[in-house]
>>> print(open('work-v9.txt').read())   # compact mmCIF, C-alpha atoms
# COMPACT_ATOMS: atom_id res chain seq x y z
CA MET A 9 43.24 -34.12 47.39
CA LYS A 10 45.98 -32.32 45.50
CA ALA A 11 45.43 -28.87 44.17
CA LEU A 12 44.99 -28.75 40.45
CA TYR A 13 47.27 -25.78 40.17
CA SER A 14 49.99 -24.39 42.30
CA SER A 15 48.55 -22.36 45.13
CA GLN A 16 51.04 -19.61 44.25
CA SER A 17 49.57 -18.86 40.87
CA LEU A 18 45.90 -19.83 41.39
CA PRO A 19 44.69 -20.30 44.93
CA ILE A 20 41.74 -22.55 43.96
CA THR A 21 41.93 -25.92 45.51
CA ASP A 22 38.28 -27.03 45.31
CA PRO A 23 37.59 -28.70 41.91
CA LYS A 24 33.86 -27.92 42.23
CA LEU A 25 34.61 -24.23 42.62
CA LEU A 26 36.94 -24.35 39.65
CA LEU A 27 34.28 -26.08 37.57
CA ALA A 28 31.70 -23.48 38.59
CA ILE A 29 34.05 -20.64 37.59
CA LEU A 30 34.79 -22.29 34.24
CA PHE A 31 31.08 -22.79 33.64
CA ALA A 32 30.34 -19.15 34.48
CA LEU A 33 33.10 -18.03 32.13
CA PHE A 34 31.67 -20.27 29.42
CA LEU A 35 28.18 -18.80 29.89
CA GLY A 36 29.60 -15.30 29.77
CA PHE A 37 31.42 -16.11 26.55
CA ILE A 38 28.26 -17.53 24.96
CA ALA A 39 26.19 -14.53 26.02
CA ASN A 40 28.80 -12.15 24.68
CA PHE A 41 29.07 -14.08 21.41
CA THR A 42 25.30 -14.05 20.91
CA ALA A 43 25.10 -10.36 21.66
CA SER A 44 27.89 -9.51 19.25
CA ALA A 45 26.24 -11.64 16.54
CA GLN A 46 22.93 -9.76 16.92
CA GLY A 47 24.55 -6.37 17.36
CA PRO A 48 23.63 -3.77 19.93
CA THR A 49 19.95 -2.98 20.45
CA PRO A 50 19.10 -0.10 18.11
CA THR A 51 17.99 3.14 19.71
CA ASP A 52 14.59 4.72 19.07
CA ASP A 53 16.30 7.37 16.96
CA GLU A 54 17.85 4.73 14.72
CA VAL A 55 14.49 2.99 14.33
CA ASN A 56 12.64 6.25 13.68
CA ARG A 57 15.21 7.34 11.09
CA ILE A 58 13.92 4.48 8.92
CA ALA A 59 10.34 4.58 10.20
CA LYS A 60 9.80 8.15 9.05
CA GLN A 61 10.62 7.09 5.50
CA LEU A 62 7.72 4.66 5.58
CA TYR A 63 3.97 5.16 5.74
CA CYS A 64 1.45 2.83 7.26
CA PRO A 65 -1.14 1.83 4.64
CA VAL A 66 -3.69 1.26 7.38
CA CYS A 67 -3.64 4.87 8.57
CA GLU A 68 -4.21 7.69 6.12
CA SER A 69 -1.01 9.63 5.35
CA THR A 70 0.69 9.01 8.67
CA PRO A 71 4.43 8.39 8.81
CA LEU A 72 5.39 5.26 10.68
CA ASP A 73 7.50 7.08 13.29
CA VAL A 74 4.53 9.04 14.64
CA CYS A 75 1.75 6.57 13.93
CA PRO A 76 0.08 5.50 17.20
CA THR A 77 -1.68 2.34 16.00
CA GLU A 78 -0.86 -1.22 16.99
CA ALA A 79 0.08 -2.10 13.41
CA CYS A 80 2.67 0.68 13.32
CA ARG A 81 4.09 -0.36 16.69
CA GLN A 82 4.56 -3.86 15.28
CA TRP A 83 6.29 -2.47 12.23
CA ARG A 84 8.66 -0.36 14.34
CA ASP A 85 9.48 -3.48 16.38
CA LEU A 86 10.19 -5.29 13.14
CA ILE A 87 12.55 -2.51 12.02
CA ARG A 88 14.34 -2.75 15.38
CA THR A 89 14.70 -6.52 15.02
CA MET A 90 16.01 -6.21 11.47
CA LEU A 91 18.52 -3.55 12.53
CA SER A 92 19.67 -5.86 15.34
CA ASP A 93 20.14 -8.59 12.75
CA GLY A 94 22.49 -6.29 10.87
CA LYS A 95 20.15 -5.42 8.01
CA SER A 96 20.91 -2.16 6.21
CA GLU A 97 18.42 0.68 5.70
CA ALA A 98 18.04 -0.24 2.03
CA GLU A 99 17.42 -3.90 2.85
CA ILE A 100 14.75 -3.00 5.40
CA LYS A 101 12.97 -0.68 3.00
CA GLN A 102 13.14 -3.31 0.28
CA TYR A 103 11.62 -5.86 2.66
CA PHE A 104 8.72 -3.52 3.46
CA VAL A 105 8.12 -2.84 -0.25
CA GLU A 106 8.05 -6.58 -0.98
CA GLN A 107 5.71 -7.25 1.91
CA TYR A 108 3.36 -4.29 1.73
CA GLY A 109 3.88 -2.66 -1.67
CA ALA A 110 5.65 0.47 -2.90
CA ARG A 111 2.94 2.68 -1.45
CA VAL A 112 4.51 2.36 2.01
CA LEU A 113 7.45 4.47 0.85
CA ALA A 114 7.36 8.15 1.75
CA GLU A 115 9.21 8.91 -1.48
CA PRO A 116 8.37 7.11 -4.71
CA PRO A 117 10.85 4.49 -5.80
CA ASN A 118 13.60 5.74 -8.02
CA ARG A 119 11.69 5.42 -11.26
CA LEU A 120 12.43 7.92 -13.97
CA VAL A 121 8.77 8.41 -14.82
CA ALA A 122 7.91 9.44 -11.25
CA TYR A 123 10.22 12.43 -11.51
CA LEU A 124 10.08 13.08 -15.26
CA VAL A 125 6.31 13.45 -15.67
CA PRO A 126 5.84 16.23 -13.06
CA ALA A 127 8.90 18.10 -14.42
CA VAL A 128 7.64 17.90 -18.00
CA ALA A 129 4.13 18.92 -16.88
CA ILE A 130 5.49 21.98 -15.06
CA LEU A 131 7.63 22.97 -18.05
CA LEU A 132 4.71 22.61 -20.44
CA GLY A 133 2.47 24.63 -18.15
CA ALA A 134 5.09 27.38 -17.81
CA LEU A 135 5.54 27.48 -21.59
CA LEU A 136 1.80 27.74 -22.10
CA LEU A 137 1.47 30.57 -19.60
CA PHE A 138 4.45 32.42 -21.07
CA ARG A 139 3.04 32.25 -24.59
CA GLY A 140 -0.40 33.18 -23.37
CA PHE A 141 0.80 36.26 -21.48
CA ARG A 142 2.90 37.38 -24.43
CA MET A 143 -0.10 37.18 -26.70
CA TRP A 144 -2.24 39.22 -24.32
CA MET A 145 0.42 41.88 -23.79
CA LYS A 146 1.16 42.40 -27.51
CA PRO A 147 -2.01 42.86 -29.50
CA SER A 148 -1.55 42.01 -33.18
CA ILE A 149 -1.12 44.66 -35.84
CA THR A 150 -4.49 43.75 -37.26
CA GLU A 151 -6.19 44.62 -34.00
CA ALA A 152 -4.19 47.86 -33.64
CA GLY A 153 -4.88 48.92 -37.20
CA ALA A 154 -8.49 47.93 -37.19
CA VAL A 155 -9.60 51.45 -36.33
CA LYS A 156 -9.17 53.72 -39.29
CA PRO A 157 -7.98 57.25 -38.56
CA ASP A 158 -10.81 58.67 -40.65
CA ALA A 159 -13.41 56.45 -39.22
CA LYS A 160 -16.61 58.18 -38.33
CA PRO A 161 -17.64 58.21 -34.69
CA SER A 162 -19.97 55.37 -33.97
CA GLN A 163 -23.67 55.98 -33.85
CA ASP A 164 -24.02 53.65 -30.92
CA PRO A 165 -23.91 55.80 -27.77
CA TYR A 166 -22.15 53.13 -25.73
CA VAL A 167 -19.45 52.56 -28.34
CA ALA A 168 -19.06 56.31 -28.77
CA ARG A 169 -18.60 56.74 -25.06
CA LEU A 170 -16.06 53.91 -24.96
CA GLU A 171 -14.06 55.48 -27.78
CA GLU A 172 -14.13 58.80 -26.00
CA GLU A 173 -12.82 57.25 -22.83
CA LEU A 174 -10.08 55.51 -24.78
CA LYS A 175 -9.00 58.78 -26.40
CA LYS A 176 -8.73 60.39 -22.99
CA ARG A 177 -6.44 57.66 -21.76
CA LYS A 178 -4.05 57.89 -24.74
CA MET B 8 -3.25 48.42 -49.69
CA THR B 9 -5.24 49.99 -46.88
CA GLU B 10 -4.11 49.84 -43.28
CA SER B 11 -7.06 47.75 -42.29
CA SER B 12 -6.21 45.04 -44.77
CA ILE B 13 -2.81 44.33 -43.17
CA VAL B 14 -3.03 40.91 -41.67
CA ALA B 15 -0.29 40.05 -39.25
CA PRO B 16 0.58 36.39 -38.80
CA ARG B 17 -0.88 35.36 -35.43
CA ARG B 18 1.80 33.68 -33.37
CA GLY B 19 0.16 31.21 -31.10
CA VAL B 20 1.08 27.92 -29.47
CA PRO B 21 2.24 25.49 -32.18
CA ILE B 22 -0.20 22.77 -33.07
CA TRP B 23 2.09 19.98 -31.82
CA ALA B 24 2.34 21.66 -28.41
CA GLN B 25 -1.43 22.04 -28.26
CA ILE B 26 -1.88 18.36 -29.04
CA ILE B 27 0.58 17.34 -26.33
CA ILE B 28 -1.08 19.62 -23.78
CA TRP B 29 -4.55 18.33 -24.58
CA VAL B 30 -3.46 14.71 -24.55
CA PHE B 31 -1.79 15.30 -21.20
CA LEU B 32 -4.87 17.00 -19.75
CA VAL B 33 -7.23 14.31 -21.02
CA GLY B 34 -4.91 11.62 -19.65
CA LEU B 35 -4.76 13.34 -16.27
CA LEU B 36 -8.55 13.63 -16.14
CA ALA B 37 -8.90 9.97 -17.10
CA ILE B 38 -6.58 8.93 -14.26
CA VAL B 39 -8.49 11.08 -11.74
CA ALA B 40 -11.82 9.74 -13.00
CA ALA B 41 -10.60 6.14 -12.78
CA GLY B 42 -9.39 6.74 -9.23
CA LEU B 43 -12.70 8.30 -8.18
CA ARG B 44 -14.67 5.50 -9.82
CA ARG B 45 -12.57 2.89 -8.08
CA ALA B 46 -12.95 4.63 -4.71
CA GLN B 47 -16.74 4.73 -5.08
CA GLN B 48 -17.03 1.19 -6.37
CA GLY B 49 -16.69 -0.48 -2.99
CA THR B 50 -15.65 -4.10 -2.73
CA VAL B 51 -16.00 -6.63 -5.55
CA GLN B 52 -19.64 -7.48 -5.93
CA PRO B 53 -21.45 -10.82 -5.72
CA GLY B 54 -21.96 -12.36 -9.14
CA GLN B 55 -18.47 -11.44 -10.26
CA VAL B 56 -16.02 -14.19 -11.24
CA ILE B 57 -13.01 -13.86 -8.99
CA LYS B 58 -9.82 -13.82 -10.98
CA ASN B 59 -6.97 -16.10 -10.08
CA PHE B 60 -4.53 -15.00 -7.37
CA THR B 61 -1.63 -16.60 -5.57
CA LEU B 62 -1.38 -16.69 -1.80
CA PRO B 63 1.99 -17.65 -0.32
CA LEU B 64 1.41 -19.67 2.82
CA TYR B 65 2.92 -19.52 6.28
CA SER B 66 4.78 -22.71 7.08
CA GLY B 67 2.55 -24.89 9.21
CA TYR B 68 -0.54 -23.35 7.62
CA ASP B 69 -0.13 -24.82 4.13
CA LEU B 70 -2.64 -26.77 2.09
CA GLY B 71 -1.67 -30.29 1.16
CA GLY B 72 2.00 -29.51 1.61
CA LYS B 73 1.99 -26.65 -0.92
CA SER B 74 3.85 -23.49 0.01
CA GLU B 75 1.50 -21.33 -2.05
CA ILE B 76 -2.02 -21.68 -3.30
CA HIS B 77 -3.66 -20.56 -6.54
CA LEU B 78 -7.37 -19.82 -6.43
CA GLU B 79 -7.82 -21.59 -9.77
CA ASP B 80 -6.67 -24.84 -8.20
CA LEU B 81 -9.64 -24.69 -5.82
CA ARG B 82 -12.35 -24.78 -8.51
CA GLY B 83 -15.05 -27.24 -7.54
CA LYS B 84 -14.85 -26.25 -3.89
CA VAL B 85 -16.45 -23.49 -1.87
CA VAL B 86 -13.72 -21.04 -0.92
CA VAL B 87 -14.05 -18.81 2.12
CA ILE B 88 -11.54 -15.97 1.90
CA ASN B 89 -11.08 -14.19 5.21
CA PHE B 90 -9.01 -10.98 5.43
CA TRP B 91 -7.62 -10.43 8.91
CA ALA B 92 -4.66 -8.97 10.82
CA SER B 93 -3.15 -9.57 14.22
CA TRP B 94 -3.53 -5.87 15.14
CA CYS B 95 -7.25 -5.99 14.30
CA LYS B 96 -9.41 -6.24 17.42
CA PRO B 97 -12.70 -6.99 15.61
CA CYS B 98 -10.93 -9.94 13.93
CA GLU B 99 -10.54 -11.51 17.36
CA GLN B 100 -14.33 -11.50 17.78
CA GLU B 101 -14.80 -13.93 14.91
CA ALA B 102 -11.58 -15.97 15.16
CA ALA B 103 -13.13 -18.72 17.26
CA GLU B 104 -16.21 -18.97 15.01
CA MET B 105 -14.08 -19.17 11.89
CA GLN B 106 -11.98 -21.98 13.33
CA GLN B 107 -15.08 -23.80 14.58
CA ALA B 108 -16.64 -23.58 11.13
CA TRP B 109 -13.45 -24.88 9.54
CA THR B 110 -13.44 -27.83 11.94
CA GLU B 111 -17.00 -28.61 10.82
CA TYR B 112 -16.44 -28.34 7.07
CA GLU B 113 -12.90 -29.68 6.75
CA PRO B 114 -13.96 -33.39 6.82
CA THR B 115 -16.32 -32.84 3.86
CA GLY B 116 -13.42 -31.88 1.59
CA LYS B 117 -15.78 -29.53 -0.24
CA VAL B 118 -14.85 -26.29 1.50
CA VAL B 119 -11.53 -24.47 1.79
CA PHE B 120 -10.83 -21.63 4.19
CA LEU B 121 -8.13 -19.14 3.19
CA GLY B 122 -6.90 -16.67 5.78
CA VAL B 123 -5.33 -13.67 4.06
CA ASP B 124 -3.16 -11.76 6.52
CA TYR B 125 -3.38 -8.05 5.68
CA VAL B 126 -0.38 -5.73 6.30
CA ASP B 127 0.90 -7.71 9.23
CA THR B 128 4.20 -8.93 10.58
CA GLU B 129 4.77 -12.67 10.57
CA PRO B 130 5.84 -13.08 14.22
CA GLU B 131 2.72 -11.26 15.45
CA ALA B 132 0.55 -13.16 12.97
CA ARG B 133 1.85 -16.47 14.28
CA VAL B 134 1.14 -15.43 17.87
CA TYR B 135 -2.43 -14.58 16.83
CA LEU B 136 -2.95 -17.88 14.97
CA LYS B 137 -1.62 -19.84 17.91
CA LYS B 138 -3.66 -17.85 20.43
CA PHE B 139 -6.93 -18.67 18.66
CA GLY B 140 -5.95 -22.20 17.67
CA ILE B 141 -6.42 -21.49 13.98
CA THR B 142 -5.42 -24.41 11.77
CA TYR B 143 -6.78 -23.52 8.34
CA THR B 144 -4.65 -22.28 5.45
CA ASN B 145 -3.13 -18.88 6.07
CA GLY B 146 -0.63 -16.59 4.39
CA PRO B 147 0.42 -12.96 3.98
CA ASP B 148 -1.10 -10.66 1.40
CA LEU B 149 2.21 -9.76 -0.22
CA ALA B 150 2.33 -6.16 -1.46
CA THR B 151 -1.44 -6.04 -0.66
CA ARG B 152 -2.15 -7.39 -4.16
CA ILE B 153 -5.08 -9.58 -3.11
CA SER B 154 -6.74 -6.98 -0.89
CA GLN B 155 -6.35 -4.38 -3.64
CA TYR B 156 -8.07 -6.68 -6.09
CA PHE B 157 -10.95 -7.26 -3.66
CA ARG B 158 -10.91 -3.53 -2.83
CA ILE B 159 -11.37 -4.30 0.86
CA LYS B 160 -12.33 -1.40 3.09
CA GLY B 161 -10.89 -2.86 6.26
CA VAL B 162 -10.50 -6.05 8.25
CA PRO B 163 -12.14 -8.39 8.91
CA GLU B 164 -13.90 -9.00 5.62
CA THR B 165 -14.94 -12.42 4.33
CA TYR B 166 -15.72 -13.44 0.76
CA PHE B 167 -17.62 -16.61 -0.16
CA VAL B 168 -16.69 -17.94 -3.60
CA ASP B 169 -18.70 -20.82 -5.06
CA GLN B 170 -17.46 -23.93 -6.87
CA ASP B 171 -17.35 -22.05 -10.20
CA GLY B 172 -15.24 -19.21 -8.86
CA VAL B 173 -18.16 -16.79 -8.63
CA LEU B 174 -18.41 -14.53 -5.61
CA GLN B 175 -21.66 -15.20 -3.78
CA TYR B 176 -21.54 -13.18 -0.59
CA VAL B 177 -19.44 -10.53 1.14
CA GLN B 178 -19.33 -10.16 4.92
CA ILE B 179 -18.07 -6.77 6.04
CA GLY B 180 -16.99 -6.85 9.67
CA PRO B 181 -16.84 -9.81 12.02
CA PHE B 182 -19.24 -12.73 12.24
CA THR B 183 -21.04 -12.84 15.54
CA SER B 184 -22.04 -16.49 15.37
CA ILE B 185 -21.15 -19.67 13.53
CA ASP B 186 -24.70 -19.79 12.15
CA GLN B 187 -23.90 -16.75 10.03
CA ILE B 188 -21.06 -18.67 8.41
CA ARG B 189 -23.16 -21.82 7.94
CA ALA B 190 -25.92 -19.73 6.37
CA GLN B 191 -23.57 -18.82 3.53
CA ILE B 192 -21.78 -22.13 3.00
CA ASP B 193 -24.63 -24.64 3.29
CA PRO B 194 -26.73 -23.29 0.36
CA LEU B 195 -23.63 -23.37 -1.87
CA LEU B 196 -23.00 -26.99 -0.96
CA LYS B 197 -26.67 -27.95 -1.39
CA GLN B 198 -26.94 -26.51 -4.88
CA ARG B 199 -24.28 -29.01 -6.00
CA ASP B 200 -25.70 -32.05 -4.19
>>> encode(input="work-v9.txt", output="structure tokens")
Amino acid sequence: MKALYSSQSLPITDPKLLLAILFALFLGFIANFTASAQGPTPTDDEVNRIAKQLYCPVCESTPLDVCPTEACRQWRDLIRTMLSDGKSEAEIKQYFVEQYGARVLAEPPNRLVAYLVPAVAILLGALLLFRGFRMWMKPSITEAGAVKPDAKPSQDPYVARLEEELKKRK
Amino acid sequence: MTESSIVAPRRGVPIWAQIIIWVFLVGLLAIVAAGLRRAQQGTVQPGQVIKNFTLPLYSGYDLGGKSEIHLEDLRGKVVVINFWASWCKPCEQEAAEMQQAWTEYEPTGKVVFLGVDYVDTEPEARVYLKKFGITYTNGPDLATRISQYFRIKGVPETYFVDQDGVLQYVQIGPFTSIDQIRAQIDPLLKQRD
């Protein structure tokens, strides 16, 4: 049987061997193509970077990255799979919100009311306190002038004693 | 004019600010009270008409070829709503009984079983369904809307809704025998016969 190729350039004379090599190369190409389509396997750090922004609704106030339950393990696996499929962080979070509700998010969704209401409440509270303190620190003229200079000392011994103490402190 | 008769204008918080503050405080208290009331209410109670909800269905677990089911469409039938999850170990205890009961009641055409998959991932859910040979209608509780309406406390929980859409019985935790399931469905079927 003649060699398929010149023995100088490719010393393969057995067609079966050549076929096997071609088949192996083909398999390698397929495997490489599949791997590049899925992307590299995400590391734990990459998974946890997204997982810590999510909370498991099954466990009370536990971020997904440190949650030890089976449900959370499944969710982390899902994040890993979605990252492998080339999904972005925003797409993954959106998927979780659609599937499990906005309560899985560590931070509330970017709704104006979620940030506006606390800010307005704090401002109102601060204003109220400021006005209240100012009123307490500055007694009105009426209160200051309520005691007449020529007023007779009170007959009540307790009031008299109080007035005496107040005079001492002036 | 005597000194004592001098009346200084009292500068306080303007009336509009007071109104806003009070409205805000009352609103806040109302929200807290509603939350507390809801937390103490427990699940929906028997005797209550269950409002309509939509359950998207896993492919292969549909009902009459429909990709989603509306509770309203099931009026006239006994509906058994079972909340479960693949990560839930107690759910596994009742999985075989639930499927066995479905096999018994399916030929009558008078009972529908709805599996509502609570905060689960679809691949794991499918493994679970296959593992226990479950064939009745199943789908995910998207955004936990259905479980929030039922105010479930955990999984498994099963709700028996009669032909008029009225909740008749709530099972908290797994069934331990098929007789427990029959004991809830049979009286509902008999009252219509």
>>> residues_around(input="work-v9.txt", residues="region 100-103 of chain A", least_positions_apart="5", cutoff="12 Å", atoms="only C-alpha atoms", output="PyMOL selection string")
(chain A and resi 55+57-63+83-84+86-95+108-117) or (chain B and resi 128+149-150)
>>> residues_around(input="work-v9.txt", residues="Leu195 (chain B)", least_positions_apart="3", cutoff="8 Å", atoms="all atoms listed in the file", output="MDAnalysis selection string")
chainID B and resid 85 169:170 191:192 198:199
>>> write_last_selection(input="work-v9.txt", atoms="C-alpha atoms", output="mmCIF file, in the frame of the given file")
data_model
loop_
_atom_site.group_PDB
_atom_site.id
_atom_site.type_symbol
_atom_site.label_atom_id
_atom_site.label_comp_id
_atom_site.auth_asym_id
_atom_site.auth_seq_id
_atom_site.Cartn_x
_atom_site.Cartn_y
_atom_site.Cartn_z
ATOM 1 C CA VAL B 85 -16.450 -23.490 -1.870
ATOM 2 C CA ASP B 169 -18.700 -20.820 -5.060
ATOM 3 C CA GLN B 170 -17.460 -23.930 -6.870
ATOM 4 C CA GLN B 191 -23.570 -18.820 3.530
ATOM 5 C CA ILE B 192 -21.780 -22.130 3.000
ATOM 6 C CA GLN B 198 -26.940 -26.510 -4.880
ATOM 7 C CA ARG B 199 -24.280 -29.010 -6.000
#
>>> residues_around(input="work-v9.txt", residues="Lys73 (chain B)", least_positions_apart="2", cutoff="12 Å", atoms="all atoms listed in the file", output="PyMOL selection string")
chain B and resi 61-71+75-77+80+144-146
>>> closest_residue(input="work-v9.txt", among="B:Leu81, B:Val126, B:Val51, B:Ile153", to="Trp94 (chain B)", atoms="only C-alpha atoms")
B:Val126
>>> closest_residue(input="work-v9.txt", among="B:Phe182, B:Tyr143, B:Tyr125, B:Phe60", to="chain A", atoms="all atoms listed in the file")
B:Tyr125
>>> axis_aligned_box(input="work-v9.txt", around="region 90-105 of chain A", padding_each_side="4 Å", output="JSON")
{"center_x": 15.3, "center_y": -4.0, "center_z": 7.5, "size_x": 22.4, "size_y": 17.3, "size_z": 23.6}
>>> atom_distance(input="work-v9.txt", atom1="CA of Trp144 (chain A)", atom2="CA of Val167 (chain A)")
22.1 Å
>>> closest_residue(input="work-v9.txt", among="B:Leu78, B:Val118, B:Ala108, B:Ile159", to="chain A", atoms="only C-alpha atoms")
B:Ile159
>>> atom_distance(input="work-v9.txt", atom1="CA of Gly34 (chain B)", atom2="CA of Lys58 (chain B)")
27.3 Å
>>> closest_residue(input="work-v9.txt", among="A:Asp85, A:Arg119, A:Glu172, A:Leu135", to="Ala24 (chain B)", atoms="only C-alpha atoms")
A:Leu135
>>> atom_distance(input="work-v9.txt", atom1="CA of Phe31 (chain B)", atom2="CA of Ala129 (chain A)")
8.2 Å
